[in-house]
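Novice: What follows is the file protein.cif, containing mmCIF, C-alpha atoms:
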```
data_final
loop_
_atom_site.label_atom_id
_atom_site.label_comp_id
_atom_site.auth_asym_id
_atom_site.auth_seq_id
_atom_site.Cartn_x
_atom_site.Cartn_y
_atom_site.Cartn_z
CA MET A 1301 3.43 -21.63 -9.86
CA TYR A 1302 6.85 -21.05 -8.34
CA TYR A 1303 9.96 -23.16 -8.84
CA TYR A 1304 13.01 -23.26 -6.60
CA GLN A 1305 16.53 -24.60 -6.50
CA LEU A 1306 19.19 -24.67 -3.83
CA TYR A 1307 22.73 -23.43 -4.31
CA GLU A 1308 25.61 -24.14 -1.94
CA SER A 1309 27.58 -20.92 -1.69
CA PRO A 1310 30.31 -19.50 0.55
CA LEU A 1311 27.41 -17.91 2.48
CA GLY A 1312 25.71 -21.26 3.04
CA THR A 1313 22.68 -22.73 1.30
CA LEU A 1314 20.89 -20.15 -0.85
CA THR A 1315 17.40 -20.75 -2.19
CA LEU A 1316 16.49 -19.25 -5.54
CA VAL A 1317 12.87 -18.92 -6.60
CA ALA A 1318 11.43 -18.20 -10.04
CA LYS A 1319 8.01 -17.74 -11.54
CA LYS A 1320 7.62 -18.29 -15.26
CA ASP A 1321 10.74 -16.78 -16.81
CA LYS A 1322 11.83 -14.40 -14.04
CA LEU A 1323 13.77 -14.75 -10.82
CA THR A 1324 11.57 -13.57 -7.94
CA ASN A 1325 13.52 -14.29 -4.75
CA LEU A 1326 16.89 -15.19 -3.36
CA PHE A 1327 16.74 -16.39 0.23
CA LEU A 1328 19.92 -16.23 2.27
CA THR A 1329 18.56 -18.63 4.89
CA THR A 1330 16.30 -21.65 4.71
CA GLU A 1331 14.13 -20.21 7.51
CA LEU A 1332 13.15 -17.25 5.35
CA PHE A 1333 12.35 -19.59 2.46
CA ASP A 1334 10.28 -21.87 4.70
CA SER A 1335 8.04 -18.98 5.75
CA PHE A 1336 7.75 -17.75 2.13
CA ARG A 1337 6.58 -21.09 0.80
CA LEU A 1338 3.64 -21.45 3.20
CA GLY A 1339 0.39 -21.45 1.24
CA LYS A 1340 2.12 -21.20 -2.15
CA GLU A 1341 2.31 -23.70 -4.95
CA ILE A 1342 6.06 -24.16 -5.15
CA VAL A 1343 7.98 -27.02 -6.73
CA HIS A 1344 11.60 -28.07 -6.32
CA ASP A 1345 13.15 -27.89 -9.79
CA GLN A 1346 15.35 -30.95 -9.24
CA GLU A 1347 15.64 -31.70 -12.95
CA GLN A 1348 16.76 -28.11 -13.68
CA LYS A 1349 14.06 -27.48 -16.27
CA CYS A 1350 13.58 -23.84 -15.27
CA ASP A 1351 15.98 -21.89 -17.50
CA VAL A 1352 16.10 -18.77 -15.34
CA LEU A 1353 16.99 -20.77 -12.22
CA ARG A 1354 19.68 -22.68 -14.08
CA SER A 1355 21.11 -19.42 -15.43
CA ALA A 1356 20.93 -17.67 -12.04
CA ILE A 1357 22.80 -20.51 -10.35
CA GLN A 1358 25.43 -20.51 -13.08
CA GLN A 1359 25.91 -16.76 -12.68
CA LEU A 1360 26.14 -17.05 -8.88
CA HIS A 1361 28.74 -19.79 -9.30
CA GLU A 1362 30.74 -17.54 -11.64
CA TYR A 1363 30.40 -14.61 -9.21
CA PHE A 1364 31.65 -16.60 -6.23
CA HIS A 1365 34.54 -18.00 -8.28
CA GLY A 1366 35.65 -14.54 -9.44
CA ASP A 1367 34.54 -14.90 -13.06
CA ARG A 1368 31.50 -12.58 -13.01
CA LYS A 1369 31.00 -9.02 -11.81
CA GLU A 1370 27.54 -8.23 -13.21
CA PHE A 1371 24.33 -10.23 -13.44
CA ASP A 1372 21.93 -10.29 -16.37
CA ILE A 1373 19.08 -12.38 -15.01
CA PRO A 1374 15.49 -11.37 -15.79
CA MET A 1375 14.01 -10.38 -12.43
CA GLU A 1376 10.52 -9.74 -11.16
CA LEU A 1377 10.74 -6.69 -8.92
CA ASN A 1378 7.52 -6.24 -6.98
CA GLY A 1379 7.50 -3.14 -4.85
CA THR A 1380 6.57 0.51 -4.77
CA ASP A 1381 7.88 2.90 -7.41
CA PHE A 1382 10.26 4.30 -4.78
CA GLN A 1383 11.59 0.81 -3.97
CA LYS A 1384 12.10 0.03 -7.65
CA LYS A 1385 14.03 3.30 -8.03
CA ILE A 1386 16.29 2.33 -5.11
CA TRP A 1387 16.82 -1.21 -6.40
CA GLY A 1388 17.71 0.22 -9.81
CA LYS A 1389 20.38 2.38 -8.18
CA LEU A 1390 21.78 -0.68 -6.42
CA ARG A 1391 22.40 -2.29 -9.80
CA ASP A 1392 24.39 0.82 -10.78
CA ILE A 1393 26.95 0.19 -8.03
CA PRO A 1394 29.91 -1.53 -9.69
CA PHE A 1395 31.52 -4.69 -8.38
CA GLY A 1396 34.17 -3.80 -5.82
CA LYS A 1397 32.68 -0.39 -4.95
CA VAL A 1398 30.37 0.81 -2.21
CA TYR A 1399 27.94 3.68 -1.85
CA SER A 1400 26.62 5.09 1.37
CA TYR A 1401 22.92 5.33 2.09
CA GLN A 1402 23.42 9.09 1.71
CA ASP A 1403 24.99 8.59 -1.75
CA ILE A 1404 21.88 6.69 -2.86
CA ALA A 1405 19.59 9.37 -1.40
CA VAL A 1406 21.43 12.10 -3.28
CA ALA A 1407 21.50 10.04 -6.50
CA ILE A 1408 17.70 9.78 -6.50
CA GLY A 1409 17.25 13.44 -5.60
CA GLN A 1410 15.91 12.80 -2.08
CA LYS A 1411 18.78 13.61 0.27
CA ASN A 1412 16.63 13.13 3.37
CA ALA A 1413 15.47 9.62 2.47
CA VAL A 1414 18.40 7.79 4.09
CA ARG A 1415 16.28 5.73 6.50
CA ALA A 1416 13.75 4.86 3.80
CA ILE A 1417 16.60 3.63 1.64
CA GLY A 1418 17.77 1.39 4.49
CA GLN A 1419 14.27 -0.09 4.78
CA ASP A 1420 14.03 -0.60 1.03
CA ASN A 1421 17.38 -2.38 1.04
CA LYS A 1422 15.98 -4.67 3.72
CA ALA A 1423 12.90 -5.30 1.51
CA ASN A 1424 15.11 -6.30 -1.45
CA LYS A 1425 13.97 -9.80 -2.46
CA LEU A 1426 16.99 -10.40 -4.69
CA PRO A 1427 20.12 -9.70 -2.66
CA ILE A 1428 23.41 -10.22 -4.50
CA PHE A 1429 21.61 -9.74 -7.85
CA ASN A 1430 20.43 -6.32 -6.56
CA PRO A 1431 23.66 -5.73 -4.64
CA CYS A 1432 22.37 -4.10 -1.45
CA HIS A 1433 25.48 -5.45 0.29
CA ARG A 1434 27.38 -2.65 -1.49
CA VAL A 1435 25.59 0.00 0.57
CA ILE A 1436 27.30 0.87 3.84
CA GLY A 1437 27.38 3.76 6.29
CA LYS A 1438 29.06 6.95 5.11
CA ASN A 1439 31.74 6.34 7.76
CA LYS A 1440 32.53 3.03 5.98
CA LYS A 1441 30.90 1.04 8.80
CA LEU A 1442 28.76 -1.96 8.11
CA THR A 1443 25.10 -1.55 8.81
CA GLY A 1444 22.32 -4.13 8.74
CA TYR A 1445 21.99 -6.66 5.97
CA ALA A 1446 18.90 -8.74 5.31
CA GLY A 1447 17.76 -7.77 8.76
CA THR A 1448 20.40 -9.32 11.03
CA LYS A 1449 22.79 -10.99 8.58
CA ILE A 1450 25.70 -8.56 8.90
CA LYS A 1451 28.27 -11.39 8.69
CA LEU A 1452 26.92 -12.29 5.25
CA LYS A 1453 27.38 -8.69 4.14
CA ALA A 1454 30.97 -8.75 5.41
CA THR A 1455 31.62 -11.97 3.49
CA LEU A 1456 30.26 -10.50 0.25
CA LEU A 1457 32.24 -7.27 0.65
CA THR A 1458 35.41 -9.22 1.44
CA HIS A 1459 34.80 -11.36 -1.65
CA GLU A 1460 34.70 -8.14 -3.70
CA LYS A 1461 37.86 -6.89 -1.94
CA ILE A 1462 36.04 -3.93 -0.40
CA THR A 1463 37.43 -2.49 2.82
CA PHE A 1464 35.03 -1.49 5.58
CA LYS A 1465 34.87 -0.89 9.32
CA GLU A 1466 33.09 -3.31 11.61
#
```
Rewrite the structure of this file - the entire thing - as structure tokens.
Specialist:
Amino acid sequence: MYYYQLYESPLGTLTLVAKKDKLTNLFLTTELFDSFRLGKEIVHDQEQKCDVLRSAIQQLHEYFHGDRKEFDIPMELNGTDFQKKIWGKLRDIPFGKVYSYQDIAVAIGQKNAVRAIGQDNKANKLPIFNPCHRVIGKNKKLTGYAGTKIKLKATLLTHEKITFKE
């Protein structure tokens, strides 16, 4: 059984989803959440009984208000070993800093995996918590975010006072 809550953020309405005691998804748009929920047993946690959702929302609130730079939410990361390695590297990128896709490729010892890293960033089910928005082109240009949500990436980078080229 999945539980979800909504959070009104500077990006718009975010939908957080948890299963048992781990955060499983953060949806940046309601359309993505609507397609996810089809065929699943998912309940709106209106009474805020799910501790991990309550904690995740509190930490997002702190992040957007400038009081938090790191997250410590238990997360369920379903993916290939390669994806999990990439997502782990994302969590190593400090608040206010960016890495290029090439930097990530070199850090994992696979300098030619730049495109795969881009695809794995797109497959990240927990954006912001796994800060894929902190990965940009080596020329400091913004590249895709959550598919076509480049404006959201710009908003997050601006929030963290990171300069970039559009």
Novice: Per residue of range 1322-1369 of chain A within 10 Å of range 1307-1313 of chain A, which atom pair is closest and at what distance in Å (one decimal), using only C-alpha atoms, listed by chain and increasing number, as a Markdown table?
Specialist:
```
| residue | atom | partner | partner_atom | distance |
| --- | --- | --- | --- | --- |
| A:Phe1327 | CA | A:Thr1313 | CA | 8.8 |
| A:Leu1328 | CA | A:Thr1313 | CA | 7.1 |
| A:Thr1329 | CA | A:Thr1313 | CA | 6.8 |
| A:Thr1330 | CA | A:Thr1313 | CA | 7.3 |
| A:Ala1356 | CA | A:Tyr1307 | CA | 9.8 |
| A:Ile1357 | CA | A:Tyr1307 | CA | 6.7 |
| A:Gln1358 | CA | A:Tyr1307 | CA | 9.6 |
| A:Leu1360 | CA | A:Ser1309 | CA | 8.3 |
| A:His1361 | CA | A:Ser1309 | CA | 7.8 |
| A:Phe1364 | CA | A:Ser1309 | CA | 7.5 |
| A:His1365 | CA | A:Pro1310 | CA | 9.9 |
```
Novice: Could those residues be written to a file, using C-alpha atoms, as a PDB file, in the coordinates of the input?
Specialist:
```pdb
ATOM      1  CA  PHE A1327      16.740 -16.390   0.230  1.00  0.00           C
ATOM      2  CA  LEU A1328      19.920 -16.230   2.270  1.00  0.00           C
ATOM      3  CA  THR A1329      18.560 -18.630   4.890  1.00  0.00           C
ATOM      4  CA  THR A1330      16.300 -21.650   4.710  1.00  0.00           C
ATOM      5  CA  ALA A1356      20.930 -17.670 -12.040  1.00  0.00           C
ATOM      6  CA  ILE A1357      22.800 -20.510 -10.350  1.00  0.00           C
ATOM      7  CA  GLN A1358      25.430 -20.510 -13.080  1.00  0.00           C
ATOM      8  CA  LEU A1360      26.140 -17.050  -8.880  1.00  0.00           C
ATOM      9  CA  HIS A1361      28.740 -19.790  -9.300  1.00  0.00           C
ATOM     10  CA  PHE A1364      31.650 -16.600  -6.230  1.00  0.00           C
ATOM     11  CA  HIS A1365      34.540 -18.000  -8.280  1.00  0.00           C
TER      12      HIS A1365
END
```
Novice: Report as a PDB file with C-alpha atoms, keeping the file's coordinate frame all protein, DNA and RNA residues lying within 8 Å of Ile1408 in chain A, evaluated on all atoms listed in the file, omitting residues in the same chain fewer than 3 positions from it.
Specialist:
```
ATOM      1  CA  LYS A1385      14.030   3.300  -8.030  1.00  0.00           C
ATOM      2  CA  ILE A1386      16.290   2.330  -5.110  1.00  0.00           C
ATOM      3  CA  ILE A1404      21.880   6.690  -2.860  1.00  0.00           C
ATOM      4  CA  ALA A1405      19.590   9.370  -1.400  1.00  0.00           C
ATOM      5  CA  LYS A1411      18.780  13.610   0.270  1.00  0.00           C
TER       6      LYS A1411
END
```
Novice: With 3 Å added on each side, what axis-aligned box encloses every listed atom of range 1387-1395 of chain A? Give the centre and edge lengths in Å to one decimal, as lines of an AutoDock Vina configuration file.
Specialist:
```
center_x = 24.2
center_y = -1.2
center_z = -8.6
size_x = 20.7
size_y = 13.1
size_z = 10.4
```
Novice: Work out how far apart CA of Ile1393 in chain A and CA of Glu1362 in chain A are and give it in Å to one decimal.
Specialist: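 Between CA of Ile1393 in chain A and CA of Glu1362 in chain A the gap works out to 18.5 Å.
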Novice: Written as a list in words, which residues does the PyMOL selection byres ((chain A and resi 1370) around 10) give for the file shown?
Specialist: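 When the PyMOL selection byres ((chain A and resi 1370) around 10) is applied to the shown file, the picked residues are Gln1359, Leu1360, Glu1362, Tyr1363, Asp1367, Arg1368, Lys1369, Phe1371, Asp1372, Ile1373, Arg1391, Asp1392, Ile1393, Pro1394, Phe1395, Ile1428, Phe1429, Asn1430 and Pro1431 of chain A.
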Novice: Take the PyMOL selection byres ((chain A and resi 1301-1303) around 10), run it mentally on this structure, and tell me the resulting residues as an MDAnalysis selection string.
Specialist: chainID A and resid 1304:1305 1316:1320 1323:1324 1337 1340:1346 1348:1350 1352:1353
Novice: With distances taken over all atoms listed in the file, which of A:Gln1410, A:Lys1449, A:Leu1326, A:Leu1457 is nearest to His1433 in chain A?
Specialist: A:Leu1457
Novice: What's the separation between CA of Asp1381 in chain A and CA of Thr1315 in chain A, in Å to one decimal place?
Specialist: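 Atom-to-atom, CA of Asp1381 in chain A and CA of Thr1315 in chain A are spaced 26.0 Å apart.
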Novice: Need to verify the contact set: Cys1432 in chain A, 9 Å, all atoms listed in the file, exclusion of same-chain residues closer than 2 positions in sequence. Can you return it as a short mmCIF file (atom, residue, chain, number, x, y, z; two decimals) with C-alpha atoms, in the frame of the given file?
Specialist:
```cif
data_model
loop_
_atom_site.label_atom_id
_atom_site.label_comp_id
_atom_site.auth_asym_id
_atom_site.auth_seq_id
_atom_site.Cartn_x
_atom_site.Cartn_y
_atom_site.Cartn_z
CA TRP A 1387 16.82 -1.21 -6.40
CA LEU A 1390 21.78 -0.68 -6.42
CA ARG A 1391 22.40 -2.29 -9.80
CA ASN A 1421 17.38 -2.38 1.04
CA LYS A 1422 15.98 -4.67 3.72
CA ASN A 1424 15.11 -6.30 -1.45
CA LEU A 1426 16.99 -10.40 -4.69
CA PRO A 1427 20.12 -9.70 -2.66
CA ILE A 1428 23.41 -10.22 -4.50
CA PHE A 1429 21.61 -9.74 -7.85
CA ASN A 1430 20.43 -6.32 -6.56
CA ARG A 1434 27.38 -2.65 -1.49
CA VAL A 1435 25.59 0.00 0.57
CA ILE A 1436 27.30 0.87 3.84
CA TYR A 1445 21.99 -6.66 5.97
CA ALA A 1446 18.90 -8.74 5.31
CA LYS A 1453 27.38 -8.69 4.14
#
```
Novice: What is the CA of Ala1416 in chain A to CA of Leu1377 in chain A distance in Å?
Specialist: 17.4 Å
Novice: Tell me which protein, DNA and RNA residues are within 12 Å of Ala1413 in chain A, counting all atoms listed in the file, leaving out same-chain ones fewer than 4 positions away, and put them as a VMD selection string.
Specialist: chain A and resid 1382 to 1383 1386 1401 to 1409 1417 to 1420
Novice: I'd like the residues picked by the PyMOL selection byres ((chain A and resi 1463) around 10) written out as a PyMOL selection string, using the chain letters and numbers from the file.
Specialist: chain A and resi 1396-1398+1440-1441+1454+1457-1458+1460-1462+1464-1466
